[in-house]
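Scroll down for the structure; my scribbles are underneath it.
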Amino acid sequence: MTFTFRGPFAAPGEKTRGMWRALAEVVGGGLLMLLVTLLEQGLSGSLAGEVQLVLGTVVLALLAVRRRYPIMSLLGVAVVLGLLPAAGLPAAVTAYTTAQQLVSHRRRTALLLASAALTTLVCAVSTPRIELGSHAFGLALGGVLAATTLIVPALLGTASGQQSRLLRALRERAVAAEVVRRLTDSESRIHERSRIAAEMHDLVGHRLSLVSLHTGGLEMALQKESPELRDEAALVRQAAGDAMRELREVLGVLGPLGRDTGTGALTDTTGTRSDIEALAEESRRGGIPLGLTWDGPDLHTRPALVRRAVHRVVRESLTNVHRYAAGAHVTVAVTHTEDRVEMLIRNGRPPVTSGAPTGLGTGRGLVGLRERVSLLGGTLEADPTPEGGFVVTVHVPAQPDPDTVLADPGTPRTGPPSEPDPDQAAGGVRRGAVNALTGLLGLTGVGVLMMLGLFLVSQAQTVNDHYGLPEPPRIGMSREEVESAMYGDYALARAAATGREPARPRSVTHCIYPAMPDEVFVPLADAAVPGAPKAPADQADEGPGHFTITRYCFRDDKLAAIDHFTVPVVSQTPPWESP
């Protein structure tokens with residue numbers, strides 16, 4: 001028992017170790033990560049360069065072993081992707097390969113959902129820690145990365161894997177069909193050869209039996225008259241018996257000696273004009289309108305193998321007409337010249353549809369006929385006609401060459417192996433180039449989609465930071481944070497509160513009287529400060545002529561108290577309204 005080590009870089013079933021391929025993929029993945037990092041430098045946050053280097057190394061290692069360990073590689077890359085968005089393109093390649101290899105739909109779906117959830121959660125949790133944004137921004141960023149670098153490539157990989165498995169199944173089915181066809185043809189040849197062996201046995205064996213019989217009679221006649229010749233006659237009889245036995249042994253190599261019976265039985269008239277006319281008459285009685293023409297002399301003087309081939313071709317063709325074109329008109333033409341015997345059997349379109357399932361046979365009869373004719377050095381062509389019929393054309397030598405008869409057309413050639421087909425090699429190179437170009441274009445599309453998603457998320461965060469509402473003041477905030485959320489210390493409010501505000505807590509050091517950004521306090525009476533907006537209802541005093549002031553008091557620059565109180569309004573006529 002031999003054990004073959006399978007490297008970590010090759011998929012199950014691959015013969016190659018894939019080391020050089022993995023090295024090229026690692027180099028390409030590193031360059032892609034560097035390119036994304038240069039284009040989107042703000043996506044790393046406060047993540048240290050050493051940490052980014054370690055995470056990138058982990059991603060490239062998982063990229064190299066993704067074929068051998070697809071599930072582990074995808075889950076690991078999904079986690080790192082939430083921390084390092086620059087690993088998006090290697091993650092896309094990993095997701096594509098993993099989805100392409102997995103066959104189970106449920107397993108593939110669960111893995112993709114788990115990897116997308118890991119990327120989104122890790123990104124949402126880690127974004128505030130690396131000072132890249134809030135949890136909401138991290139959730140949006142993780143969703144964009146999961147959709148563009150995991151889900152979309154995985155869908156493409158699923159489609160590619162299904163197509164590859166379908167093509168593989170069709171290719172295997174075609175190979176199996178070809179094997180079945182070859183086995184069927186071989187069986188037909190063997191069957192036809194067994195018939196030929198039976199014919200040779202009947203012909204030669206019959207002659208040898210007659211020789212043995214007459215020699216035995218001669219031996220008995222010479223027993224008294226010429227004893228010395230009797231021994232010669234006995235030797236001839238014994239040689240005839242040995243030849244008969246050796247003939248059976250040799251012909252047995254071709255297979256079981258099948259024999260025909262009935263009209264097709266081998267006789268001295270087989271293949272002659274009278275035999276063909278008998279076959280034609282038998283078909284006419286079966287309901288086939290048939291016309292027979294015979295040009296040239298009869299075949300009595302021709303070898304039995306030629307006559308037998310003529311008989312078999314005509315009989316098999318008429319049998320096919322009875323099976324698949326019942327009622328069609330048939331013409332049989334036999335032409336006998338000095339060096340050739342030609343046969344033409346043509347049938348027209350049948351008047352009604354045949355009861356056969358497909359209208360075509362298995363082809364075994366034609367294969368057997370072609371084998372028989374080729375053994376004689378002849379040719380057989382069988383083709384459909386434009387009118388919907390069928391025509392069989394056969395050319396057989398009238399006197400076959402013995403060397404040709406003994407040759408076996410089914411024997412494979414011997415000699416040096418054939419050179420590789422240059423067209424096939426060129427086709428393989430073209431397919432490889434097309435696959436590489438398709439992968440490059442797909443990776444470019446995923447990269448553009450990922451960059452567009454990251455740009456939109458970043459722009460959304462910038463707009464939110466610019467136009468978002470400030471956080472309301474709360475106890476414990478610094479003065480700077482409070483003032484950034486307000487309009488600053490409002491001098492008019494401070495003047496109005498002087499002498500009317502409640503006592504300040506003893507521990508505070510200073511107070512401010514700011515206005516809210518969009519809720520600036522204003523007098524509720526009509527005699528308010530000119531140009532001031534109207535105060536909100538929840539800050540207004542119930543009685544007219546009063547308004548509410550909010551005071552923020554600090555202790556050591558930290559907000560310690562928030563007080564709300566009302567002060568009366570002093571009405572006066574503005575100078576610009578004086579008469």
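Each chain of the structure tokens is named A, B, ... in the order shown, its residues numbered from 1; ligands are numbered from 1 in display order.
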Q | Filtered DSSP result for stretch 172-342 of chain A, state alpha helix (DSSP H), as a PyMOL selection string | A | chain A and resi 172-225+227-252+273-285+304-324
May I have the residues within 12 Å of A:Ser164 as a short mmCIF file (atom, residue, chain, number, x, y, z; two decimals) with N, CA and C atoms, in the first residue's frame, using only C-alpha atoms and disregarding those fewer than 6 positions away in the same chain?
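This is the output file around.cif:
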```cif
data_model
loop_
_atom_site.label_atom_id
_atom_site.label_comp_id
_atom_site.auth_asym_id
_atom_site.auth_seq_id
_atom_site.Cartn_x
_atom_site.Cartn_y
_atom_site.Cartn_z
N GLN A 100 -17.49 27.70 -5.13
CA GLN A 100 -17.35 26.86 -6.31
C GLN A 100 -17.14 25.40 -5.94
N GLN A 101 -16.47 25.13 -4.83
CA GLN A 101 -16.17 23.75 -4.45
C GLN A 101 -17.32 23.08 -3.71
N VAL A 103 -20.75 21.59 -2.78
CA VAL A 103 -21.84 21.06 -3.59
C VAL A 103 -23.18 21.21 -2.89
N GLY A 157 -19.22 32.28 -7.83
CA GLY A 157 -18.57 30.98 -7.66
C GLY A 157 -19.57 29.84 -7.68
N THR A 158 -20.74 30.06 -7.09
CA THR A 158 -21.79 29.02 -7.13
C THR A 158 -22.21 28.71 -8.55
N LEU A 170 -21.82 15.92 -18.28
CA LEU A 170 -22.09 15.70 -19.71
C LEU A 170 -20.90 15.04 -20.40
N ARG A 171 -19.69 15.45 -20.00
CA ARG A 171 -18.51 14.84 -20.60
C ARG A 171 -18.41 13.36 -20.22
#
```
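Atom CA of A:Val392 is positioned 15.2 Å from atom CA of A:Thr293.
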Q) Near A:Leu492, within 10 Å and counting only C-alpha atoms, which residues show up once chain neighbours fewer than 3 positions away are dropped, as a PyMOL selection string? A) chain A and resi 489+495-497+513-514+529
Selected residues, N, CA, C and O atoms, written as a PDB file, in the first residue's frame, please.
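Generated file (again25.pdb):
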```
ATOM      1  N   ASP A 489     -21.597  81.482  25.709  1.00  0.00           N
ATOM      2  CA  ASP A 489     -22.158  82.265  26.817  1.00  0.00           C
ATOM      3  C   ASP A 489     -22.913  83.464  26.245  1.00  0.00           C
ATOM      4  O   ASP A 489     -22.346  84.282  25.520  1.00  0.00           O
ATOM      5  N   ALA A 495     -26.896  89.058  31.896  1.00  0.00           N
ATOM      6  CA  ALA A 495     -27.343  90.330  32.478  1.00  0.00           C
ATOM      7  C   ALA A 495     -28.727  90.220  33.074  1.00  0.00           C
ATOM      8  O   ALA A 495     -29.015  90.779  34.148  1.00  0.00           O
ATOM      9  N   ALA A 496     -29.617  89.469  32.410  1.00  0.00           N
ATOM     10  CA  ALA A 496     -30.974  89.311  32.935  1.00  0.00           C
ATOM     11  C   ALA A 496     -30.994  88.497  34.214  1.00  0.00           C
ATOM     12  O   ALA A 496     -31.865  88.678  35.076  1.00  0.00           O
ATOM     13  N   ALA A 497     -30.031  87.579  34.360  1.00  0.00           N
ATOM     14  CA  ALA A 497     -30.017  86.727  35.546  1.00  0.00           C
ATOM     15  C   ALA A 497     -29.356  87.372  36.741  1.00  0.00           C
ATOM     16  O   ALA A 497     -29.484  86.883  37.879  1.00  0.00           O
ATOM     17  N   TYR A 513     -24.176  81.024  30.799  1.00  0.00           N
ATOM     18  CA  TYR A 513     -25.594  81.143  30.487  1.00  0.00           C
ATOM     19  C   TYR A 513     -25.745  81.050  28.967  1.00  0.00           C
ATOM     20  O   TYR A 513     -26.015  82.039  28.279  1.00  0.00           O
ATOM     21  N   PRO A 514     -25.532  79.852  28.429  1.00  0.00           N
ATOM     22  CA  PRO A 514     -25.560  79.725  26.956  1.00  0.00           C
ATOM     23  C   PRO A 514     -26.979  79.597  26.429  1.00  0.00           C
ATOM     24  O   PRO A 514     -27.942  79.484  27.192  1.00  0.00           O
ATOM     25  N   VAL A 529     -36.315  91.014  22.993  1.00  0.00           N
ATOM     26  CA  VAL A 529     -35.115  91.566  22.406  1.00  0.00           C
ATOM     27  C   VAL A 529     -35.271  91.549  20.889  1.00  0.00           C
ATOM     28  O   VAL A 529     -35.692  90.544  20.308  1.00  0.00           O
TER      29      VAL A 529
END
```
Q.
What's the separation between atom CA of A:Leu141 and atom CA of A:Leu43, in Å to one decimal place?
A. 9.8 Å
Q.
Taking only C-alpha atoms into account, name the residue in A:Asp295, A:Arg308, A:His300, A:Tyr490 that is nearest to A:Glu342.
A. A:Asp295
Q: Please provide the set of residues having any atom within 10 Å of A:Leu290, restricted to only C-alpha atoms, with same-chain residues fewer than 2 positions apart removed, written as a list in words.
A: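 Answer for this query is Ala280, Glu281, Ser283, Arg284, Gly287, Ile288, Leu292, Leu318, Gly327, Ala328, His329, Val330, Thr331, Val332, Arg346 and Asn347 of chain A.
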Output file for the selection above: N, CA and C atoms, as a compact mmCIF listing (two decimals), in the first residue's frame:
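Output contents, as saved in selection38.txt:
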```txt
# COMPACT_ATOMS: atom_id res chain seq x y z
N ALA A 280 -36.56 -11.24 -52.63
CA ALA A 280 -37.46 -10.19 -53.08
C ALA A 280 -38.91 -10.66 -53.04
N GLU A 281 -39.15 -11.88 -53.46
CA GLU A 281 -40.51 -12.41 -53.44
C GLU A 281 -41.03 -12.55 -52.01
N SER A 283 -40.24 -10.60 -49.54
CA SER A 283 -40.60 -9.26 -49.09
C SER A 283 -41.90 -8.80 -49.71
N ARG A 284 -42.15 -9.14 -50.97
CA ARG A 284 -43.41 -8.76 -51.61
C ARG A 284 -44.58 -9.41 -50.89
N GLY A 287 -45.80 -7.44 -47.97
CA GLY A 287 -46.44 -6.16 -48.17
C GLY A 287 -45.52 -5.06 -48.62
N ILE A 288 -44.33 -5.37 -49.09
CA ILE A 288 -43.37 -4.36 -49.52
C ILE A 288 -43.37 -4.33 -51.05
N LEU A 292 -36.78 -5.37 -58.57
CA LEU A 292 -35.46 -5.99 -58.59
C LEU A 292 -34.89 -5.92 -60.00
N LEU A 318 -33.45 -5.44 -46.54
CA LEU A 318 -34.90 -5.66 -46.60
C LEU A 318 -35.49 -5.83 -45.21
N GLY A 327 -44.16 -0.58 -45.89
CA GLY A 327 -45.00 -0.02 -46.95
C GLY A 327 -44.27 0.85 -47.92
N ALA A 328 -43.02 1.19 -47.66
CA ALA A 328 -42.26 2.04 -48.58
C ALA A 328 -41.83 1.25 -49.81
N HIS A 329 -41.76 1.94 -50.93
CA HIS A 329 -41.33 1.29 -52.16
C HIS A 329 -39.81 1.08 -52.12
N VAL A 330 -39.39 -0.12 -52.56
CA VAL A 330 -37.99 -0.50 -52.48
C VAL A 330 -37.50 -0.91 -53.86
N THR A 331 -36.28 -0.47 -54.17
CA THR A 331 -35.62 -0.92 -55.40
C THR A 331 -34.31 -1.57 -55.02
N VAL A 332 -34.07 -2.75 -55.61
CA VAL A 332 -32.84 -3.50 -55.38
C VAL A 332 -32.17 -3.68 -56.73
N ARG A 346 -32.51 0.88 -52.18
CA ARG A 346 -33.07 2.20 -51.86
C ARG A 346 -34.54 2.03 -51.52
N ASN A 347 -34.95 2.68 -50.45
CA ASN A 347 -36.37 2.70 -50.09
C ASN A 347 -36.83 4.15 -49.97
```
(Q) Would you pick out the contacts of A:Pro473 at 12 Å or less, using only C-alpha atoms, so that residues sharing its chain but fewer than 5 positions from it are not included, and give the list as a PyMOL selection string? (A) chain A and resi 478-486+514-517+550-554+558-562
(Q) Can you tell me which residues surround stretch 219-221 of chain A at a distance of at most 8 Å, considering only C-alpha atoms, apart from same-chain residues fewer than 6 positions away, and format the answer as a list in words? (A)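 Those residues are Leu229, Arg230, Asp231, Ala233 and Ala234 of chain A.
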